[in-house]
>>> print(open('structure_0.csv').read())   # CSV, C-alpha atoms
chain,number,residue,atom,x,y,z
A,1,MET,CA,-29.1,-34.9,-55.3
A,2,THR,CA,-28.3,-36.8,-58.5
A,3,LYS,CA,-28.2,-33.6,-60.4
A,4,SER,CA,-25.9,-31.9,-57.9
A,5,ILE,CA,-23.4,-34.9,-58.1
A,6,TYR,CA,-23.6,-34.8,-61.9
A,7,SER,CA,-22.9,-31.0,-61.9
A,8,ILE,CA,-19.8,-31.5,-59.7
A,9,PHE,CA,-18.5,-34.2,-62.0
A,10,LEU,CA,-18.9,-32.0,-65.1
A,11,PHE,CA,-17.0,-29.1,-63.4
A,12,PHE,CA,-14.1,-31.1,-62.3
A,13,PHE,CA,-13.9,-33.1,-65.6
A,14,GLY,CA,-13.9,-29.8,-67.5
A,15,PHE,CA,-11.2,-28.4,-65.3
A,16,PHE,CA,-8.7,-31.3,-65.6
A,17,PHE,CA,-9.4,-31.9,-69.3
A,18,THR,CA,-8.8,-28.2,-70.1
A,19,GLN,CA,-5.6,-28.0,-68.1
A,20,ASN,CA,-4.2,-31.2,-69.8
A,21,LEU,CA,-4.8,-29.5,-73.1
A,22,TYR,CA,-2.9,-26.4,-72.1
A,23,SER,CA,-0.2,-28.1,-70.1
A,24,GLN,CA,1.5,-28.9,-73.5
A,25,ILE,CA,2.1,-25.2,-74.0
A,26,SER,CA,5.6,-24.1,-73.1
A,27,ILE,CA,5.9,-20.4,-72.1
A,28,LYS,CA,9.2,-19.1,-70.8
A,29,GLN,CA,9.8,-15.9,-68.9
A,30,THR,CA,11.7,-13.5,-71.1
A,31,LYS,CA,10.9,-10.1,-69.6
A,32,SER,CA,12.0,-8.4,-66.5
A,33,ASP,CA,9.8,-6.8,-63.9
A,34,ASN,CA,7.7,-3.8,-64.7
A,35,ASP,CA,10.1,-0.9,-64.0
A,36,ILE,CA,7.3,1.6,-63.5
A,37,LYS,CA,5.3,-0.4,-60.9
A,38,LEU,CA,3.4,2.0,-58.7
A,39,SER,CA,2.9,1.2,-55.0
A,40,THR,CA,-0.5,2.9,-55.2
A,41,LEU,CA,-1.6,0.5,-58.0
A,42,PRO,CA,0.1,-2.8,-57.2
A,43,TYR,CA,-1.5,-4.9,-59.9
A,44,TYR,CA,0.4,-8.1,-60.4
A,45,SER,CA,1.4,-8.5,-64.1
A,46,TYR,CA,3.8,-10.7,-66.1
A,47,GLY,CA,6.1,-8.6,-68.1
A,48,LYS,CA,5.2,-5.2,-69.5
A,49,GLY,CA,2.2,-5.8,-71.8
A,50,ILE,CA,2.4,-3.9,-75.1
A,51,GLY,CA,4.8,-0.9,-74.6
A,52,MET,CA,5.6,2.1,-76.6
A,53,THR,CA,8.3,4.7,-75.9
A,54,SER,CA,8.8,7.9,-77.9
A,55,PRO,CA,12.1,8.3,-79.8
A,56,ASP,CA,13.0,11.2,-77.5
A,57,SER,CA,12.0,9.2,-74.4
A,58,LEU,CA,9.6,12.0,-73.4
A,59,PHE,CA,6.7,9.6,-72.9
A,60,GLN,CA,6.0,5.9,-72.4
A,61,LEU,CA,2.8,4.0,-72.7
A,62,ASN,CA,2.1,0.4,-71.7
A,63,ILE,CA,-1.2,-1.3,-72.6
A,64,ARG,CA,-2.6,-4.3,-70.8
A,65,PHE,CA,-5.8,-6.3,-70.6
A,66,ARG,CA,-7.2,-9.2,-68.6
A,67,MET,CA,-10.5,-11.0,-68.5
A,68,GLN,CA,-12.1,-13.6,-66.2
A,69,ASN,CA,-14.7,-16.0,-67.7
A,70,ARG,CA,-16.6,-18.2,-65.3
A,71,VAL,CA,-19.4,-20.7,-65.0
A,72,THR,CA,-21.0,-21.5,-61.6
A,73,TYR,CA,-23.5,-24.0,-60.3
A,74,LEU,CA,-25.3,-22.6,-57.2
A,75,LYS,CA,-27.5,-24.4,-54.7
A,76,ASN,CA,-29.1,-22.3,-52.0
A,77,GLU,CA,-31.2,-23.9,-49.3
A,78,ASP,CA,-35.0,-24.0,-50.1
A,79,GLU,CA,-34.2,-23.0,-53.7
A,80,ASN,CA,-33.7,-25.0,-57.0
A,81,GLY,CA,-30.1,-25.3,-58.2
A,82,ALA,CA,-29.1,-22.8,-60.9
A,83,TYR,CA,-26.3,-22.2,-63.5
A,84,ASP,CA,-24.7,-18.9,-64.0
A,85,GLY,CA,-22.2,-18.0,-66.8
A,86,GLN,CA,-20.6,-14.6,-67.1
A,87,ILE,CA,-17.6,-12.4,-67.9
A,88,ARG,CA,-16.8,-11.5,-64.3
A,89,ARG,CA,-14.1,-9.0,-65.1
A,90,LEU,CA,-12.9,-7.4,-68.2
A,91,ARG,CA,-10.2,-4.7,-67.6
A,92,LEU,CA,-8.1,-2.5,-69.8
A,93,ARG,CA,-5.1,-0.7,-68.3
A,94,PHE,CA,-2.7,2.1,-69.5
A,95,ASP,CA,0.3,3.3,-67.6
A,96,GLY,CA,3.6,5.0,-68.3
A,97,TYR,CA,5.2,8.4,-67.8
A,98,VAL,CA,5.1,11.8,-69.5
A,99,GLY,CA,8.1,14.2,-69.8
A,100,ASN,CA,10.1,12.4,-67.1
A,101,PRO,CA,10.0,8.9,-65.6
A,102,LYS,CA,9.4,10.6,-62.2
A,103,PHE,CA,5.9,11.7,-63.4
A,104,LEU,CA,3.8,8.5,-63.8
A,105,TYR,CA,0.2,7.9,-64.7
A,106,ALA,CA,-2.0,4.8,-64.5
A,107,ILE,CA,-5.5,4.4,-65.9
A,108,GLN,CA,-7.7,1.3,-65.5
A,109,LEU,CA,-11.1,0.9,-67.1
A,110,SER,CA,-13.7,-1.9,-66.5
A,111,PHE,CA,-16.3,-3.2,-68.9
A,112,ALA,CA,-17.9,-6.3,-67.5
A,113,PRO,CA,-21.4,-6.0,-66.1
A,114,GLY,CA,-20.2,-7.1,-62.6
A,115,ASP,CA,-17.6,-4.4,-62.7
A,116,VAL,CA,-19.7,-1.5,-64.0
A,117,GLY,CA,-22.8,-2.4,-62.0
A,118,GLU,CA,-26.4,-1.7,-62.7
A,119,VAL,CA,-27.1,1.7,-64.4
A,120,LYS,CA,-29.5,3.7,-62.2
A,121,ASP,CA,-31.2,7.1,-62.9
A,122,GLY,CA,-29.1,9.9,-61.6
A,123,GLU,CA,-26.0,7.9,-61.0
A,124,ASN,CA,-22.7,7.7,-62.9
A,125,ILE,CA,-21.5,4.7,-65.0
A,126,ASN,CA,-18.6,3.1,-63.1
A,127,ILE,CA,-16.3,2.5,-66.1
A,128,ILE,CA,-13.3,4.3,-64.5
A,129,ARG,CA,-11.6,2.3,-61.8
A,130,ASP,CA,-8.3,4.1,-61.6
A,131,ALA,CA,-7.1,7.5,-62.9
A,132,VAL,CA,-4.1,8.6,-60.9
A,133,ILE,CA,-1.0,10.7,-61.4
A,134,THR,CA,2.1,9.9,-59.3
A,135,TYR,CA,5.3,11.9,-58.6
A,136,ARG,CA,8.2,9.6,-57.7
A,137,PRO,CA,11.4,11.6,-56.9
A,138,ASN,CA,13.2,8.5,-55.9
A,139,ARG,CA,12.7,4.8,-55.1
A,140,HIS,CA,11.5,5.5,-51.5
A,141,TRP,CA,8.8,8.1,-52.1
A,142,ASN,CA,5.5,8.3,-54.0
A,143,LEU,CA,3.0,11.2,-54.0
A,144,SER,CA,-0.2,10.4,-55.9
A,145,PHE,CA,-3.3,12.4,-56.8
A,146,GLY,CA,-6.4,11.0,-58.3
A,147,GLN,CA,-8.7,7.9,-58.0
A,148,THR,CA,-7.2,4.6,-57.0
A,149,LYS,CA,-7.2,1.9,-54.3
A,150,LEU,CA,-6.6,3.1,-50.7
A,151,PRO,CA,-3.9,1.5,-48.6
A,152,GLY,CA,-6.3,-0.9,-47.0
A,153,ASN,CA,-6.4,-4.6,-46.3
A,154,ARG,CA,-4.0,-6.9,-48.1
A,155,GLN,CA,-6.5,-8.8,-50.2
A,156,ARG,CA,-8.1,-5.7,-51.5
A,157,VAL,CA,-4.8,-4.0,-52.3
A,158,ASN,CA,-3.9,-7.1,-54.4
A,159,SER,CA,-5.4,-7.2,-57.9
A,160,SER,CA,-8.3,-9.5,-58.5
A,161,GLY,CA,-6.0,-11.0,-61.1
A,162,GLY,CA,-3.5,-12.0,-58.4
A,163,LEU,CA,-6.0,-14.1,-56.3
A,164,GLN,CA,-5.7,-17.8,-55.7
A,165,LEU,CA,-9.5,-18.3,-55.7
A,166,THR,CA,-12.0,-16.7,-58.0
A,167,ASP,CA,-13.2,-14.1,-55.5
A,168,ARG,CA,-12.1,-12.3,-52.3
A,169,THR,CA,-13.5,-13.3,-48.9
A,170,ILE,CA,-16.9,-12.4,-47.4
A,171,ASN,CA,-15.2,-10.1,-45.0
A,172,ASN,CA,-13.4,-8.2,-47.8
A,173,ALA,CA,-16.8,-7.8,-49.5
A,174,ARG,CA,-18.3,-6.2,-46.3
A,175,PHE,CA,-15.4,-4.4,-44.6
A,176,THR,CA,-12.9,-3.3,-47.3
A,177,ILE,CA,-12.3,0.4,-47.9
A,178,ASP,CA,-11.7,0.1,-51.6
A,179,ARG,CA,-11.1,3.0,-54.0
A,180,ASP,CA,-11.4,6.7,-53.4
A,181,PHE,CA,-10.3,10.1,-54.8
A,182,GLY,CA,-7.7,12.1,-53.1
A,183,PHE,CA,-4.0,12.3,-52.2
A,184,GLN,CA,-1.7,9.5,-51.1
A,185,LEU,CA,1.9,9.6,-49.8
A,186,HIS,CA,3.9,6.3,-49.6
A,187,ASN,CA,7.4,5.8,-48.1
A,188,MET,CA,8.8,2.5,-49.4
A,189,ASN,CA,11.8,0.8,-47.8
A,190,GLU,CA,12.1,-2.7,-49.2
A,191,PHE,CA,15.4,-4.7,-49.3
A,192,LYS,CA,16.1,-8.2,-50.5
A,193,ASP,CA,17.2,-10.1,-47.4
A,194,ARG,CA,16.9,-7.7,-44.5
A,195,PHE,CA,14.3,-6.0,-42.4
A,196,SER,CA,12.0,-3.8,-44.5
A,197,TYR,CA,9.1,-1.4,-43.9
A,198,ASN,CA,6.6,0.8,-45.7
A,199,PHE,CA,4.5,3.7,-44.4
A,200,LYS,CA,1.4,4.8,-46.4
A,201,ALA,CA,-1.2,7.5,-45.8
A,202,ALA,CA,-4.1,9.0,-47.7
A,203,VAL,CA,-6.6,11.8,-47.4
A,204,SER,CA,-9.6,11.2,-49.7
A,205,THR,CA,-13.2,12.2,-50.2
A,206,GLY,CA,-14.6,9.1,-48.5
A,207,GLU,CA,-17.3,8.8,-51.2
A,208,GLY,CA,-15.9,6.0,-53.3
A,209,ARG,CA,-15.1,5.9,-57.0
A,210,ASN,CA,-16.7,8.2,-59.6
A,211,SER,CA,-18.8,10.1,-57.1
A,212,THR,CA,-20.3,13.5,-58.1
A,213,GLU,CA,-22.4,13.9,-55.0
A,214,LYS,CA,-22.9,17.4,-53.5
A,215,PRO,CA,-19.7,18.4,-51.7
A,216,ASP,CA,-19.7,18.2,-47.9
A,217,ASP,CA,-17.2,18.7,-45.0
A,218,GLY,CA,-16.4,15.1,-44.5
A,219,VAL,CA,-13.1,13.4,-45.6
A,220,ALA,CA,-11.5,10.0,-45.0
A,221,VAL,CA,-8.1,9.7,-43.4
A,222,THR,CA,-6.2,6.4,-43.9
A,223,GLY,CA,-2.9,5.2,-42.5
A,224,LYS,CA,-1.0,1.9,-42.9
A,225,ILE,CA,2.3,0.3,-41.9
A,226,GLU,CA,3.8,-2.7,-43.5
A,227,LEU,CA,6.7,-4.7,-41.9
A,228,LEU,CA,8.7,-7.3,-43.7
A,229,PRO,CA,11.1,-8.8,-41.1
A,230,LEU,CA,12.8,-11.3,-43.5
A,231,GLY,CA,13.1,-8.9,-46.4
A,232,ALA,CA,11.2,-8.2,-49.6
A,233,PHE,CA,9.3,-11.0,-51.4
A,234,THR,CA,10.5,-12.1,-54.8
A,235,LYS,CA,9.1,-10.0,-57.7
A,236,ASP,CA,6.9,-8.0,-55.3
A,237,GLY,CA,5.3,-11.2,-54.1
A,238,THR,CA,3.3,-9.4,-51.4
A,239,TYR,CA,1.0,-8.2,-54.3
A,240,PHE,CA,-0.2,-11.6,-55.4
A,241,GLU,CA,-1.5,-14.7,-53.5
A,242,GLY,CA,0.1,-18.1,-53.4
A,243,ASP,CA,3.8,-19.0,-53.7
A,244,VAL,CA,3.9,-19.3,-57.5
A,245,LEU,CA,7.6,-18.3,-57.5
A,246,ARG,CA,8.5,-20.8,-54.7
A,247,GLU,CA,10.4,-18.5,-52.4
A,248,SER,CA,13.8,-20.0,-51.6
A,249,LYS,CA,13.9,-18.3,-48.2
A,250,PRO,CA,11.0,-17.7,-45.8
A,251,LYS,CA,9.2,-14.4,-46.3
A,252,LEU,CA,6.8,-12.7,-43.9
A,253,LEU,CA,4.5,-9.6,-44.2
A,254,LEU,CA,2.8,-8.0,-41.2
A,255,SER,CA,0.6,-5.0,-41.7
A,256,GLY,CA,-2.0,-2.9,-40.0
A,257,ALA,CA,-4.3,-0.1,-41.4
A,258,PHE,CA,-6.8,2.3,-39.9
A,259,GLN,CA,-9.3,4.6,-41.5
A,260,GLN,CA,-11.8,7.1,-40.2
A,261,ASN,CA,-14.4,8.1,-42.8
A,262,ASN,CA,-16.2,11.2,-41.6
A,263,HIS,CA,-19.8,11.8,-42.6
A,264,ALA,CA,-19.9,8.8,-44.9
A,265,ARG,CA,-22.9,8.6,-47.2
A,266,ARG,CA,-22.9,4.9,-48.0
A,267,THR,CA,-23.6,1.7,-46.1
A,268,GLN,CA,-20.0,0.5,-46.4
A,269,GLY,CA,-18.2,3.8,-46.5
A,270,GLN,CA,-16.8,3.9,-50.1
A,271,LEU,CA,-19.2,1.2,-51.2
A,272,GLY,CA,-22.8,0.2,-50.9
A,273,ASP,CA,-26.2,2.0,-51.1
A,274,ASP,CA,-26.8,5.5,-49.9
A,275,LEU,CA,-27.8,5.9,-46.3
A,276,PHE,CA,-30.7,8.1,-45.2
A,277,GLU,CA,-28.3,9.9,-42.8
A,278,LYS,CA,-24.5,10.2,-42.8
A,279,ARG,CA,-22.4,8.2,-40.4
A,280,THR,CA,-18.8,8.5,-39.3
A,281,MET,CA,-17.1,5.1,-39.7
A,282,LYS,CA,-13.9,3.6,-38.3
A,283,SER,CA,-12.2,0.7,-40.0
A,284,VAL,CA,-9.4,-1.5,-38.7
A,285,MET,CA,-7.5,-4.0,-40.9
A,286,ILE,CA,-4.7,-6.3,-39.8
A,287,ASP,CA,-3.0,-8.8,-42.1
A,288,ALA,CA,-0.3,-11.4,-42.2
A,289,MET,CA,1.3,-13.3,-45.2
A,290,PHE,CA,3.9,-16.0,-45.2
A,291,LYS,CA,5.5,-17.8,-48.2
A,292,TYR,CA,8.2,-20.4,-48.5
A,293,ASN,CA,9.0,-23.3,-51.0
A,294,GLY,CA,5.5,-23.4,-52.5
A,295,TRP,CA,3.7,-23.0,-49.2
A,296,ALA,CA,1.6,-19.8,-48.6
A,297,ALA,CA,-0.5,-18.7,-45.6
A,298,MET,CA,-2.6,-15.6,-45.1
A,299,SER,CA,-4.6,-14.4,-42.2
A,300,SER,CA,-6.6,-11.2,-41.7
A,301,PHE,CA,-8.9,-9.3,-39.3
A,302,MET,CA,-11.3,-6.6,-40.5
A,303,SER,CA,-13.8,-4.5,-38.6
A,304,ARG,CA,-16.1,-1.5,-39.0
A,305,THR,CA,-17.8,0.6,-36.3
A,306,THR,CA,-19.8,3.8,-36.3
A,307,THR,CA,-19.7,6.7,-33.9
A,308,GLN,CA,-23.6,6.7,-33.8
A,309,ASN,CA,-26.2,4.0,-34.1
A,310,ALA,CA,-25.7,2.2,-37.5
A,311,LEU,CA,-29.4,2.4,-38.3
A,312,THR,CA,-30.6,5.3,-40.4
A,313,PHE,CA,-34.3,6.1,-41.2
A,314,ASP,CA,-36.1,8.0,-43.9
A,315,LEU,CA,-37.5,11.2,-42.2
A,316,ASN,CA,-40.5,11.2,-44.6
A,317,ASN,CA,-41.3,7.5,-43.9
A,318,THR,CA,-39.7,6.0,-40.8
A,319,SER,CA,-40.7,2.5,-42.0
A,320,ASN,CA,-37.9,2.8,-44.5
A,321,MET,CA,-34.5,2.0,-43.0
A,322,LYS,CA,-30.9,1.4,-44.1
A,323,TYR,CA,-27.9,0.6,-42.0
A,324,ALA,CA,-24.2,0.9,-42.1
A,325,PHE,CA,-22.7,-2.5,-42.2
A,326,VAL,CA,-20.8,-2.8,-38.9
A,327,GLY,CA,-19.1,-5.9,-37.3
A,328,ASN,CA,-15.9,-7.8,-37.7
A,329,GLY,CA,-14.5,-10.9,-39.3
A,330,PHE,CA,-11.4,-13.2,-39.6
A,331,ASP,CA,-10.0,-14.9,-42.7
A,332,TYR,CA,-7.6,-17.9,-42.8
A,333,GLN,CA,-6.0,-19.2,-46.0
A,334,LEU,CA,-3.5,-21.9,-46.6
A,335,SER,CA,-2.1,-23.3,-49.9
A,336,TYR,CA,0.6,-25.4,-51.5
A,337,ASN,CA,1.8,-25.0,-55.1
A,338,THR,CA,3.5,-28.0,-56.6
A,339,LYS,CA,6.6,-27.9,-58.8
A,340,SER,CA,4.3,-28.6,-61.8
A,341,ASN,CA,2.2,-25.5,-60.8
A,342,TYR,CA,-0.9,-27.2,-59.4
A,343,GLU,CA,-2.0,-25.3,-56.4
A,344,PHE,CA,-4.3,-26.6,-53.7
A,345,ILE,CA,-6.0,-23.9,-51.6
A,346,GLY,CA,-8.2,-24.0,-48.4
A,347,ARG,CA,-9.9,-21.0,-46.9
A,348,TYR,CA,-12.1,-20.4,-43.9
A,349,SER,CA,-13.9,-17.1,-43.1
A,350,ILE,CA,-16.1,-16.2,-40.1
A,351,GLN,CA,-18.1,-12.9,-39.9
A,352,LYS,CA,-20.0,-11.4,-37.0
A,353,VAL,CA,-22.3,-8.5,-37.5
A,354,GLY,CA,-22.5,-5.6,-35.0
A,355,SER,CA,-25.2,-5.5,-32.3
A,356,ASP,CA,-26.9,-2.6,-34.0
A,357,ILE,CA,-27.8,-4.7,-37.1
A,358,LYS,CA,-28.0,-8.2,-35.7
A,359,ASN,CA,-31.8,-8.3,-36.3
A,360,TYR,CA,-31.3,-7.5,-40.0
A,361,ALA,CA,-28.1,-9.3,-41.1
A,362,PRO,CA,-26.9,-12.9,-40.4
A,363,ASN,CA,-23.6,-14.0,-39.0
A,364,SER,CA,-21.7,-16.0,-41.6
A,365,LYS,CA,-19.2,-18.8,-42.1
A,366,GLN,CA,-17.6,-19.8,-45.3
A,367,TYR,CA,-15.5,-22.8,-46.3
A,368,THR,CA,-13.7,-23.0,-49.6
A,369,PHE,CA,-11.5,-25.6,-51.3
A,370,GLY,CA,-9.9,-24.8,-54.6
A,371,ILE,CA,-7.5,-26.1,-57.2
A,372,THR,CA,-5.6,-23.7,-59.5
A,373,ARG,CA,-3.5,-24.7,-62.5
A,374,TYR,CA,-1.0,-21.9,-63.3
A,375,ILE,CA,0.0,-21.9,-67.0
A,376,TRP,CA,1.7,-18.5,-67.1
A,377,GLU,CA,1.8,-17.5,-63.4
A,378,HIS,CA,-1.3,-15.4,-62.5
A,379,ALA,CA,-1.6,-14.0,-66.1
A,380,PHE,CA,-3.0,-17.3,-67.5
A,381,LYS,CA,-4.6,-19.8,-65.1
A,382,LEU,CA,-7.4,-22.3,-64.7
A,383,GLN,CA,-9.4,-22.2,-61.4
A,384,THR,CA,-12.0,-24.4,-59.9
A,385,GLU,CA,-13.5,-24.2,-56.4
A,386,LEU,CA,-16.2,-25.6,-54.1
A,387,THR,CA,-17.6,-23.2,-51.5
A,388,PHE,CA,-20.0,-23.8,-48.6
A,389,ASP,CA,-21.8,-20.9,-46.7
A,390,THR,CA,-23.6,-21.1,-43.4
A,391,LEU,CA,-25.9,-18.1,-42.4
A,392,GLU,CA,-27.0,-17.8,-38.8
A,393,TYR,CA,-29.9,-15.5,-38.2
A,394,TYR,CA,-30.8,-13.7,-35.0
A,395,ASN,CA,-34.1,-15.7,-34.6
A,396,GLY,CA,-32.1,-19.0,-34.6
A,397,GLU,CA,-32.7,-19.9,-38.3
A,398,ILE,CA,-29.7,-21.4,-40.1
A,399,LYS,CA,-29.3,-21.6,-43.9
A,400,ASN,CA,-26.7,-23.6,-45.8
A,401,ASN,CA,-25.7,-22.7,-49.4
A,402,TRP,CA,-23.0,-23.9,-51.7
A,403,TYR,CA,-21.6,-23.3,-55.2
A,404,LEU,CA,-19.2,-24.9,-57.6
A,405,ARG,CA,-17.2,-22.8,-60.0
A,406,PHE,CA,-14.8,-23.0,-62.9
A,407,GLN,CA,-13.0,-19.9,-64.2
A,408,VAL,CA,-10.3,-19.1,-66.8
A,409,GLU,CA,-8.2,-16.0,-66.5
A,410,ILE,CA,-6.0,-14.6,-69.2
A,411,GLY,CA,-4.2,-11.3,-69.6
A,412,ILE,CA,-1.0,-9.5,-70.5
>>> encode(input="structure_0.csv", output="structure tokens")
Amino acid sequence: MTKSIYSIFLFFFGFFFTQNLYSQISIKQTKSDNDIKLSTLPYYSYGKGIGMTSPDSLFQLNIRFRMQNRVTYLKNEDENGAYDGQIRRLRLRFDGYVGNPKFLYAIQLSFAPGDVGEVKDGENINIIRDAVITYRPNRHWNLSFGQTKLPGNRQRVNSSGGLQLTDRTINNARFTIDRDFGFQLHNMNEFKDRFSYNFKAAVSTGEGRNSTEKPDDGVAVTGKIELLPLGAFTKDGTYFEGDVLRESKPKLLLSGAFQQNNHARRTQGQLGDDLFEKRTMKSVMIDAMFKYNGWAAMSSFMSRTTTQNALTFDLNNTSNMKYAFVGNGFDYQLSYNTKSNYEFIGRYSIQKVGSDIKNYAPNSKQYTFGITRYIWEHAFKLQTELTFDTLEYYNGEIKNNWYLRFQVEIGI
């Protein structure tokens, strides 16, 4: 117990000492919004990174990077406490146009071990996150081809660099539809102070990023609608969490998405380990976001079902089993950002697994409290958070785990 209290003291001392050091830095906004922002790749950024345009204006290239360095103290029930330090994310992004600003491209590469994942025999190295070409004939339409994020739940569509806390929710980890290769068509209708709406659709392989599996006859079909009853958020504020810009008028986003992934090979559709048998999966994602005068609130519902039993078995050894992760969950998040750019965040998540897998996976609850110090909006920030997890197993066993984390994010 003494060691745990000491660890908590060290984390919070480090957080506030470091932020006081950086609070003396004065950084002013001198650049406008990114004029080639793609709705298919809505990564929040400050300015344009390092940009180059050819003298004849036939091509443009912007280069950006960001990294997240973190240290965590973890204490799981019935286990000794442990420290973990790592580069959680290290990303390099290139975007621009070729020949004409209507023909856009975006490339994003990842290099951190947590991004790339463990290298396994017969599998690809997951360095490529995004490689997509977009034709934008006007401000209302985008047609994209390549690998990028699908129009799924709000938190997944947001960049990990635009999060208030250091990671997404436990429900996002289980029920998101993530990246895929295919075609996307977006119809964007956003206006400053009046009713706005967006329609998004995708047809993709359903296999996730960088897949070279044997082709099959299954594809994933995704559709999404977004409503902004009070008009568009400031500086595309739907694409980052927290009211860092302190909206002068109330802003609200309501959205719903559905995907059917036919003959999916993996436990979470586009993510997870390979199943022994394919399963058709259906995902539903509903989100709400509100911002006003430093206050921000988010809520979401996510679910996944299968058209057959979620359990799959190895035909050569029926004792080997893998399951599609089915179930549903709710997330609730509330925050306030002060005028001096200290943000206080609370989040609660509840997750219930489907009846097919209740003997193999626990129901979960997660409580998180965090403090973020924004030095240069989301591009340079200091984050600390305390998280408690409760796992409830089918046999009545309950486990309680917690961790404390400090993270620095910086990028251009």
>>> residues_around(input="structure_0.csv", residues="stretch 108-118 of chain A", least_positions_apart="3", cutoff="7 Å", atoms="only C-alpha atoms", output="ChimeraX atom specification")
/A:87-94,125-131
>>> atom_distance(input="structure_0.csv", atom1="atom CA of A:Asn142", atom2="atom CA of A:Lys102")
9.4 Å
>>> residues_around(input="structure_0.csv", residues="A:Gln86", least_positions_apart="5", cutoff="8 Å", atoms="all atoms listed in the file", output="ChimeraX atom specification")
/A:69-71
>>> residues_around(input="structure_0.csv", residues="stretch 204-218 of chain A", least_positions_apart="3", cutoff="6 Å", atoms="all atoms listed in the file", output="PDB file with C-alpha atoms, keeping the file's coordinate frame")
ATOM      1  CA  ARG A 179     -11.100   3.000 -54.000  1.00  0.00           C
ATOM      2  CA  ASP A 180     -11.400   6.700 -53.400  1.00  0.00           C
ATOM      3  CA  PHE A 181     -10.300  10.100 -54.800  1.00  0.00           C
ATOM      4  CA  GLY A 182      -7.700  12.100 -53.100  1.00  0.00           C
ATOM      5  CA  ASN A 261     -14.400   8.100 -42.800  1.00  0.00           C
ATOM      6  CA  ASN A 262     -16.200  11.200 -41.600  1.00  0.00           C
ATOM      7  CA  HIS A 263     -19.800  11.800 -42.600  1.00  0.00           C
ATOM      8  CA  GLN A 270     -16.800   3.900 -50.100  1.00  0.00           C
TER       9      GLN A 270
END
>>> atom_distance(input="structure_0.csv", atom1="atom CA of A:Gly346", atom2="atom CA of A:Gly370")
6.5 Å
>>> closest_atom_pairs(input="structure_0.csv", of="stretch 88-199 of chain A", to="stretch 293-315 of chain A", cutoff="9 Å", atoms="only C-alpha atoms", output="Markdown table")
| residue | atom | partner | partner_atom | distance |
| --- | --- | --- | --- | --- |
| A:Asn153 | CA | A:Met302 | CA | 7.9 |
| A:Arg154 | CA | A:Ser300 | CA | 8.1 |
| A:Gln155 | CA | A:Ser300 | CA | 8.8 |
| A:Asn171 | CA | A:Met302 | CA | 6.9 |
| A:Asn172 | CA | A:Met302 | CA | 7.8 |
| A:Arg174 | CA | A:Arg304 | CA | 9.0 |
| A:Phe175 | CA | A:Met302 | CA | 6.2 |
| A:Thr176 | CA | A:Met302 | CA | 7.7 |
>>> residues_around(input="structure_0.csv", residues="stretch 395-399 of chain A", least_positions_apart="4", cutoff="8 Å", atoms="all atoms listed in the file", output="list in words")
Glu77, Asn359, Thr390 and Leu391 of chain A
>>> residues_around(input="structure_0.csv", residues="A:Pro250", least_positions_apart="3", cutoff="9 Å", atoms="all atoms listed in the file", output="PDB file with C-alpha atoms, in the frame of the given file")
ATOM      1  CA  LEU A 230      12.800 -11.300 -43.500  1.00  0.00           C
ATOM      2  CA  PHE A 233       9.300 -11.000 -51.400  1.00  0.00           C
ATOM      3  CA  GLU A 247      10.400 -18.500 -52.400  1.00  0.00           C
ATOM      4  CA  PHE A 290       3.900 -16.000 -45.200  1.00  0.00           C
ATOM      5  CA  LYS A 291       5.500 -17.800 -48.200  1.00  0.00           C
ATOM      6  CA  TYR A 292       8.200 -20.400 -48.500  1.00  0.00           C
ATOM      7  CA  ASN A 293       9.000 -23.300 -51.000  1.00  0.00           C
TER       8      ASN A 293
END
>>> build_atoms(input="structure_0.csv", residues="stretch 254-259 of chain A", atoms="N, CA, C and O atoms", output="mmCIF file, in the coordinates of the input")
data_model
loop_
_atom_site.group_PDB
_atom_site.id
_atom_site.type_symbol
_atom_site.label_atom_id
_atom_site.label_comp_id
_atom_site.auth_asym_id
_atom_site.auth_seq_id
_atom_site.Cartn_x
_atom_site.Cartn_y
_atom_site.Cartn_z
ATOM 1 N N LEU A 254 3.701 -8.408 -42.248
ATOM 2 C CA LEU A 254 2.800 -8.000 -41.200
ATOM 3 C C LEU A 254 2.314 -6.607 -41.472
ATOM 4 O O LEU A 254 3.161 -5.731 -41.715
ATOM 5 N N SER A 255 1.019 -6.356 -41.442
ATOM 6 C CA SER A 255 0.600 -5.000 -41.700
ATOM 7 C C SER A 255 -0.678 -4.654 -40.936
ATOM 8 O O SER A 255 -1.448 -5.531 -40.537
ATOM 9 N N GLY A 256 -0.855 -3.368 -40.713
ATOM 10 C CA GLY A 256 -2.000 -2.900 -40.000
ATOM 11 C C GLY A 256 -2.449 -1.544 -40.635
ATOM 12 O O GLY A 256 -1.605 -0.708 -40.979
ATOM 13 N N ALA A 257 -3.776 -1.346 -40.798
ATOM 14 C CA ALA A 257 -4.300 -0.100 -41.400
ATOM 15 C C ALA A 257 -5.500 0.367 -40.600
ATOM 16 O O ALA A 257 -6.232 -0.427 -39.999
ATOM 17 N N PHE A 258 -5.689 1.672 -40.604
ATOM 18 C CA PHE A 258 -6.800 2.300 -39.900
ATOM 19 C C PHE A 258 -7.386 3.391 -40.805
ATOM 20 O O PHE A 258 -6.628 4.140 -41.437
ATOM 21 N N GLN A 259 -8.714 3.484 -40.841
ATOM 22 C CA GLN A 259 -9.300 4.600 -41.500
ATOM 23 C C GLN A 259 -10.502 5.154 -40.733
ATOM 24 O O GLN A 259 -11.266 4.401 -40.128
#
